[in-house]
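Visitor: What follows is a structure written as structure tokens; I'll ask about it next.
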Amino acid sequence: MSNLLDLLIAGLATGAIYAIVAVGFTLLWQTSQTINFAQGEFVMLPAFLMLAVMHAGAPFWLAIIVGILLAMLLLGLGFKMLLVDPMLRHGVLPLAIATMALAIGIKEAVKQFFSAEASPFPSIVPAGDVSILGRAVSLQSLGVLALAILAVVGLTALLNRTSIGHQMQAVAQNPTVARIIGVPVERMILLTFLINAFLVALASLLITPIYLAKFSSGEVLGQAAFIAAIVGGFNQVRGAIVGGLLIGVVDNLAAAYISTQYRAAVPMILLVAVILFRPQGLLGRPEERTV
Amino acid sequence: MTATAKYLRVAFGVAVVLVLILMPVTFNRYGLFILSQWAVMTIAAMGLNLTLGYAGQVSLAQGAFVGIGAYAAAILTTQGFPLIAAVAVAIVLCFAVGWLLGYPALRVQHHYLAFVTLAFSTLAFLVFRNESWLTGGIYGISNIPRPHIFGLATSKPLPFYYVSLGALAIVTVAVWWLIRSPWGRAFMALRENPVRALSLGVDTRRYTLMAFAIGSALGGVAGALYAPLTQYIDPVPFNLSLSLDLLMMVIVGGSGFFFGPFLGAMIAVLLPEWLRFTQGYYLMLYAIAVILLLIWSPTGILGILDGYLTQRRTKAASALRAVAKPKLEVAR
């Protein structure tokens with residue numbers, strides 16, 4: 001039983017990171033029909049940017065700020081202008097395949113210019129345990145969970161409480177009508193790309209201390225984020241959050257109680273079941289089919 | 001098409017086949033391996049082209065079917081069965097599994113289908129890796145024998161290259177026949193407008209499953225040749241990235257074009273060899289090249305060619321109309 005609690009907390013902590021990545025993923029899908037197969041690599045890259053800044057002699061806090069800004073420049077603005085904008089008119093599939101190629105490109109670039117070996121990454125949350133109700137709980141898990149919740153709450157407030165958030169939602173729901181009522185659609189789409197870049201940089205900061213910085217670590221992360229997004233609901237921000245937490249917990253419990261060899265299979269089976277029986281996701285609205 | 005153009009086309013085809021047969025005689029062991037690999041990957045990509053390019057169903061599982069075929073061949077031939085039996089088993093097995101994988105395609109489309117097939121890829125990889133009683137686990141299966149064809153041993157690289165090339169030729173003819181048959185037209189109807197196809201009496205349900213099953217079976221054939229080619233298999237080559245590579249081959253060559261997979265597989269298999277002088281950078285250059293190509297022409301290399309030919313034909317037709325117009329006016 002006590003073991004279960006530890007697993008739940010660890011699962012929620014990784015799940016919260018998946019949720020952040022999945023939210024960014026669904027934002028891109030909603031505003032610009034982009035299925036970003038490089039989302040996992042997007043999470044992998046900022047950690048290396050931060051490490052590079054630190055190698056140049058900057059302190060950790062400065063590296064974080066520069067890393068996040070660089071990520072927003074490269075993975076937000078650059079990604080949109082250089083890849084998505086020219087590809088968007090060709091439809092969903094060619095764009096998705098271009099992002100697959102981009103994933104290979106990012107992975108290889110990191111391997112070539114940085115290192116093929118895993119590098120340690122400093123944690124922003126101090127290591128150690130705290131005692132809660134007489135039990136030792138990892139401070140790192142709690143810190144990750146707290147920061148992730150903060151990010152999600154902040155994003156939800158931005159989307160639901162501010163004028164900019166309402167405009168972004170309008171763009172996601174119906175770009176044509178949004179344009180007619182005077183929403184600067186292009187600027188809002190750019191904003192979602194910047195938000196996605198910020199979210200992946202944050203996820204990178206939170207998850208890399210746990211799994212080390214490695215060029216290939218994006219594959220697992222990206223898959224977890226896809227699954228989270230689909231299980232929760234592709235067209236709902238809160239769906240992606242629920243999906244992320246669910247996948248994190250399920251993954252941890254499966255590793256402990258089912259089989260470590262097949263732990264990766266459990267989220268996949270969940271994914272297939274959801275797609276077959278509830279394709280709109282657990283919290284999603286059905287998407288109208290266009291014929 | 002005029003008669004000369006037709007003859008030119010046939011002559012070009014014959015020349016390519018002759019080059020493929022004669023040129024490799026001078027190749028060394030490694031060159032023959034690469035070229036055999038091209039033939040094998042082309043077969044797998046042709047299968048995916050059938051599913052994606054002709055029937056319009058996205059699949060990220062072709063690499064898993066290559067894996068299933070490869071393991072079937074490796075297990076059977078190391079037990080002493082002939083390769084042809086292993087190919088038959090691979091075809092039947094992949095056809096059946098592909099048929100089952102087609103069921104989700106009846107319910108969901110596009111990106112959802114991509115994710116279902118992606119999940120299948122991952123599951124297949126886990127089975128290859130974990131069921132070591134059958135697949136040898138991470139140690140894989142070694143000493144896979146190469147077949148005897150009509151009593152001739154093909155264990156040397158050159159004879160086995162001819163085995164791969166022969167298999168490619170058989171598959172090419174079969175697929176050529178298939179897409180010109182009513183089935184092929186039904187597949188294309190499925191891609192272009194499923195609702196209209198259904199209203200015209202095409203059993204879209206059956207043809208969707210069929211498109212998956214046949215495409216997957218070709219993946220199995222490729223796998224059954226891959227195992228004796230490398231003579232050693234382990235789970236790593238059959239992970240998700242093989243499926244993504246095959247998808248990129250189809251798209252880069254030109255999805256929905258008959259010769260697209262040949263070109264795409266050539267680029268994916270040979271380009272890394274040509275870019276070897278760039279050392280570690282070749283995959284990066286490949287990725288950049290794919291992105292640039294897709295931005296320029298989302299229908300791949302043959303799409304560029306096709307667009308150019310169509311434009312020329314339209315121009316020729318407008319020129320003819322322009323010439324014909326004054327005559328018509330005079331006649332009136």
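Order determines the names: the first chain of the structure tokens is A, the second B, and so forth; residues in each chain are numbered 1 upward, and ligands are numbered 1 upward as they are shown.
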Once you count only C-alpha atoms, what closest atom pair and distance in Å to one decimal does each residue of chain A within 8 Å of chain B have, with rows by chain and rising residue number, as a Markdown table?
Guide:
```
| residue | atom | partner | partner_atom | distance |
| --- | --- | --- | --- | --- |
| A:Ile35 | CA | B:His111 | CA | 7.9 |
| A:Leu83 | CA | B:Ile295 | CA | 7.7 |
| A:Pro86 | CA | B:Ile295 | CA | 6.1 |
| A:Met87 | CA | B:Ile295 | CA | 5.5 |
| A:His90 | CA | B:Pro298 | CA | 6.5 |
| A:Leu93 | CA | B:His110 | CA | 7.8 |
| A:Pro94 | CA | B:Pro298 | CA | 5.9 |
| A:Ile97 | CA | B:Met248 | CA | 7.1 |
| A:Ala98 | CA | B:Ile291 | CA | 5.3 |
| A:Met100 | CA | B:Leu244 | CA | 7.5 |
| A:Ala101 | CA | B:Ala287 | CA | 4.9 |
| A:Leu102 | CA | B:Ala287 | CA | 6.3 |
| A:Ile104 | CA | B:Ala287 | CA | 6.2 |
| A:Gly105 | CA | B:Met284 | CA | 4.7 |
| A:Ile106 | CA | B:Met284 | CA | 7.7 |
| A:Glu108 | CA | B:Met284 | CA | 5.7 |
| A:Ala109 | CA | B:Met284 | CA | 6.4 |
| A:Gln112 | CA | B:Gly280 | CA | 6.5 |
| A:Gln261 | CA | B:Asn130 | CA | 6.6 |
| A:Tyr262 | CA | B:Leu126 | CA | 6.8 |
| A:Ala265 | CA | B:Leu123 | CA | 5.9 |
| A:Met268 | CA | B:Ala119 | CA | 5.3 |
| A:Ile269 | CA | B:Ala119 | CA | 7.6 |
| A:Leu271 | CA | B:Val116 | CA | 7.5 |
| A:Val272 | CA | B:Val116 | CA | 5.8 |
| A:Ile275 | CA | B:Tyr112 | CA | 7.1 |
| A:Leu276 | CA | B:Pro104 | CA | 6.4 |
| A:Pro279 | CA | B:Val108 | CA | 7.4 |
| A:Val291 | CA | B:Val195 | CA | 7.4 |
```
Visitor: Please identify the strand (DSSP E or B) residues within region 16-222 of chain A (assignment by DSSP from backbone atoms) and present them as a list in words.
Guide: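 The strand (DSSP E or B) residues within region 16-222 of chain A come out as Ser119, Asp129, Val130, Ser131, Ile132, Arg135, Ala136, Val137, Ser138 and Ala213 of chain A.
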Visitor: Could those residues be written to a file, using N, CA and C atoms, as a CSV table (one decimal), in the first residue's frame?
Guide:
```
chain,number,residue,atom,x,y,z
A,119,SER,N,24.4,13.1,-20.9
A,119,SER,CA,25.0,14.1,-20.0
A,119,SER,C,24.1,14.3,-18.8
A,129,ASP,N,14.6,14.2,0.5
A,129,ASP,CA,13.3,13.8,0.8
A,129,ASP,C,12.6,14.7,1.8
A,130,VAL,N,11.4,14.9,1.7
A,130,VAL,CA,10.7,15.5,2.9
A,130,VAL,C,9.7,14.5,3.5
A,131,SER,N,9.4,14.8,4.7
A,131,SER,CA,8.5,13.8,5.4
A,131,SER,C,7.1,14.4,5.4
A,132,ILE,N,6.2,13.6,4.8
A,132,ILE,CA,4.8,14.0,4.8
A,132,ILE,C,4.0,12.9,5.4
A,135,ARG,N,5.9,9.9,6.0
A,135,ARG,CA,6.5,9.1,5.0
A,135,ARG,C,7.5,10.0,4.2
A,136,ALA,N,8.5,9.4,3.7
A,136,ALA,CA,9.5,10.1,3.0
A,136,ALA,C,9.1,10.2,1.5
A,137,VAL,N,9.0,11.5,1.0
A,137,VAL,CA,8.6,11.7,-0.3
A,137,VAL,C,9.7,12.5,-1.0
A,138,SER,N,10.0,12.1,-2.3
A,138,SER,CA,11.1,12.7,-3.0
A,138,SER,C,10.8,14.2,-3.2
A,213,ALA,N,20.4,14.1,-20.1
A,213,ALA,CA,20.2,14.7,-21.4
A,213,ALA,C,20.8,13.7,-22.4
```
Visitor: Could you name the residues that touch Leu263 (chain B) at 7 Å or less, counting only C-alpha atoms, but leaving out those on the same chain fewer than 4 positions away, as a list in words?
Guide: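 The residues satisfying every condition are Gly253, Phe259 and Ile267 of chain B.
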Visitor: Hey, what does DSSP flag as helix (DSSP H, G or I) within region 117-202 of chain B? Can you give it to me as a PDB file with C-alpha atoms, in the first residue's frame?
Guide:
```
ATOM      1  CA  THR B 117      -0.431   1.686 -36.474  1.00  0.00           C
ATOM      2  CA  LEU B 118       2.350   3.389 -34.521  1.00  0.00           C
ATOM      3  CA  ALA B 119       1.141   1.614 -31.394  1.00  0.00           C
ATOM      4  CA  PHE B 120       1.158  -1.676 -33.309  1.00  0.00           C
ATOM      5  CA  SER B 121       4.769  -1.058 -34.359  1.00  0.00           C
ATOM      6  CA  THR B 122       5.820  -0.557 -30.772  1.00  0.00           C
ATOM      7  CA  LEU B 123       3.943  -3.661 -29.618  1.00  0.00           C
ATOM      8  CA  ALA B 124       5.544  -5.785 -32.335  1.00  0.00           C
ATOM      9  CA  PHE B 125       8.982  -4.511 -31.338  1.00  0.00           C
ATOM     10  CA  LEU B 126       8.318  -5.433 -27.697  1.00  0.00           C
ATOM     11  CA  VAL B 127       7.296  -8.939 -28.737  1.00  0.00           C
ATOM     12  CA  PHE B 128      10.473  -9.351 -30.836  1.00  0.00           C
ATOM     13  CA  ARG B 129      12.569  -8.205 -27.912  1.00  0.00           C
ATOM     14  CA  ASN B 130      10.860  -9.955 -25.038  1.00  0.00           C
ATOM     15  CA  SER B 132      13.177 -14.774 -26.346  1.00  0.00           C
ATOM     16  CA  TRP B 133      11.961 -18.397 -26.480  1.00  0.00           C
ATOM     17  CA  LEU B 134      10.823 -17.646 -30.028  1.00  0.00           C
ATOM     18  CA  THR B 135      12.905 -14.744 -31.299  1.00  0.00           C
ATOM     19  CA  GLY B 137      15.370 -11.748 -27.562  1.00  0.00           C
ATOM     20  CA  ILE B 138      18.090  -9.103 -27.726  1.00  0.00           C
ATOM     21  CA  TYR B 139      20.639 -11.714 -28.903  1.00  0.00           C
ATOM     22  CA  PRO B 157      26.732 -12.116 -52.489  1.00  0.00           C
ATOM     23  CA  LEU B 158      26.223 -12.041 -56.266  1.00  0.00           C
ATOM     24  CA  PRO B 159      23.801 -14.991 -56.526  1.00  0.00           C
ATOM     25  CA  PHE B 160      21.832 -13.681 -53.578  1.00  0.00           C
ATOM     26  CA  TYR B 161      21.613 -10.281 -55.245  1.00  0.00           C
ATOM     27  CA  TYR B 162      19.969 -12.020 -58.188  1.00  0.00           C
ATOM     28  CA  VAL B 163      17.541 -13.712 -55.789  1.00  0.00           C
ATOM     29  CA  SER B 164      16.575 -10.295 -54.393  1.00  0.00           C
ATOM     30  CA  LEU B 165      16.336  -8.785 -57.866  1.00  0.00           C
ATOM     31  CA  GLY B 166      14.211 -11.730 -59.068  1.00  0.00           C
ATOM     32  CA  ALA B 167      11.877 -11.317 -56.112  1.00  0.00           C
ATOM     33  CA  LEU B 168      11.640  -7.609 -56.854  1.00  0.00           C
ATOM     34  CA  ALA B 169      10.784  -8.391 -60.473  1.00  0.00           C
ATOM     35  CA  ILE B 170       8.026 -10.820 -59.470  1.00  0.00           C
ATOM     36  CA  VAL B 171       6.561  -8.349 -56.974  1.00  0.00           C
ATOM     37  CA  THR B 172       6.766  -5.536 -59.527  1.00  0.00           C
ATOM     38  CA  VAL B 173       4.810  -7.516 -62.104  1.00  0.00           C
ATOM     39  CA  ALA B 174       2.254  -8.607 -59.511  1.00  0.00           C
ATOM     40  CA  VAL B 175       1.681  -5.064 -58.228  1.00  0.00           C
ATOM     41  CA  TRP B 176       1.568  -3.692 -61.786  1.00  0.00           C
ATOM     42  CA  TRP B 177      -1.145  -6.209 -62.575  1.00  0.00           C
ATOM     43  CA  LEU B 178      -2.967  -5.484 -59.318  1.00  0.00           C
ATOM     44  CA  ILE B 179      -3.251  -1.727 -59.736  1.00  0.00           C
ATOM     45  CA  ARG B 180      -4.490  -2.160 -63.297  1.00  0.00           C
ATOM     46  CA  PRO B 182     -10.522  -3.537 -60.885  1.00  0.00           C
ATOM     47  CA  TRP B 183      -9.059  -3.881 -57.394  1.00  0.00           C
ATOM     48  CA  GLY B 184      -6.479  -1.204 -58.095  1.00  0.00           C
ATOM     49  CA  ARG B 185      -9.173   1.129 -59.359  1.00  0.00           C
ATOM     50  CA  ALA B 186     -11.234   0.411 -56.250  1.00  0.00           C
ATOM     51  CA  PHE B 187      -8.211   1.294 -54.084  1.00  0.00           C
ATOM     52  CA  MET B 188      -7.850   4.612 -55.872  1.00  0.00           C
ATOM     53  CA  ALA B 189     -11.558   5.298 -55.503  1.00  0.00           C
ATOM     54  CA  LEU B 190     -11.106   4.712 -51.771  1.00  0.00           C
ATOM     55  CA  ARG B 191      -8.327   7.287 -51.679  1.00  0.00           C
ATOM     56  CA  GLU B 192     -10.048   9.923 -53.770  1.00  0.00           C
ATOM     57  CA  PRO B 194     -14.650   6.999 -50.071  1.00  0.00           C
ATOM     58  CA  VAL B 195     -18.267   8.126 -49.868  1.00  0.00           C
ATOM     59  CA  ARG B 196     -18.631   8.322 -53.624  1.00  0.00           C
ATOM     60  CA  ALA B 197     -16.882   4.978 -53.999  1.00  0.00           C
ATOM     61  CA  LEU B 198     -19.386   3.458 -51.583  1.00  0.00           C
ATOM     62  CA  SER B 199     -22.322   4.997 -53.420  1.00  0.00           C
TER      63      SER B 199
END
```
Visitor: Could you work out how far CA of Val250 (chain B) lies from CA of Val92 (chain A), giving the answer in Å with one decimal?
Guide: 16.2 Å
Visitor: Write out as a CSV table (one decimal) with N, CA and C atoms, in the first residue's frame which residues come within 8 Å of Gly53 (chain B) when counting only C-alpha atoms, dropping same-chain ones fewer than 5 positions away.
Guide:
```csv
chain,number,residue,atom,x,y,z
B,48,LEU,N,3.8,-0.5,-48.9
B,48,LEU,CA,3.3,0.7,-48.3
B,48,LEU,C,2.7,1.7,-49.3
B,250,VAL,N,8.4,6.3,-49.4
B,250,VAL,CA,7.3,6.3,-50.3
B,250,VAL,C,7.0,7.8,-50.7
B,255,SER,N,4.4,9.3,-53.6
B,255,SER,CA,3.3,8.4,-53.1
B,255,SER,C,2.2,8.3,-54.2
B,256,GLY,N,1.8,7.1,-54.5
B,256,GLY,CA,0.7,7.0,-55.5
B,256,GLY,C,1.3,6.9,-56.9
B,257,PHE,N,2.6,7.0,-57.1
B,257,PHE,CA,3.3,6.7,-58.4
B,257,PHE,C,3.9,5.3,-58.4
```
Visitor: Hey, what's within 9 Å of Ala88 (chain B) if we count only C-alpha atoms and toss same-chain stuff fewer than 5 positions away? As a PyMOL selection string, please?
Guide: chain B and resi 83+93+221
Visitor: Give me, as a list of chain:residue names, all polymer residues having an atom no more than 7 Å from Gly284 (chain A), counting only C-alpha atoms and skipping those fewer than 5 positions away in the same chain.
Guide: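 Skipping anything fewer than 5 positions along the chain leaves A:Gly232, A:Gly233, A:Phe234, A:Asn235, A:Gln236, A:Gly239.
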Visitor: Rank nothing, just name the residue among A:Ile9, A:Ser141, A:Leu82, A:Val152 nearest to Leu95 (chain A), using only C-alpha atoms.
Guide: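 Ranked by minimum distance to Leu95 (chain A), first place goes to A:Leu82.
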Visitor: Near Phe121 (chain A), within 9 Å and counting only C-alpha atoms, which residues show up once chain neighbours fewer than 6 positions away are dropped, as a list of chain:residue names?
Guide: A:Ala47, A:Leu51, A:Leu205, A:Thr208, A:Pro209, A:Ile210, A:Tyr211, A:Leu212, A:Ala213
Visitor: For the residues selected in the previous step, produce a file with C-alpha atoms as a compact mmCIF listing (two decimals), in the first residue's frame.
Guide:
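See part09.txt below for the written result:
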```txt
# COMPACT_ATOMS: atom_id res chain seq x y z
CA ALA A 47 18.25 20.91 -22.20
CA LEU A 51 23.97 22.90 -21.21
CA LEU A 205 14.01 21.62 -17.61
CA THR A 208 16.10 16.07 -17.96
CA PRO A 209 17.46 15.90 -14.38
CA ILE A 210 15.51 12.65 -13.99
CA TYR A 211 16.37 10.91 -17.29
CA LEU A 212 19.67 12.66 -18.24
CA ALA A 213 20.21 14.67 -21.41
```
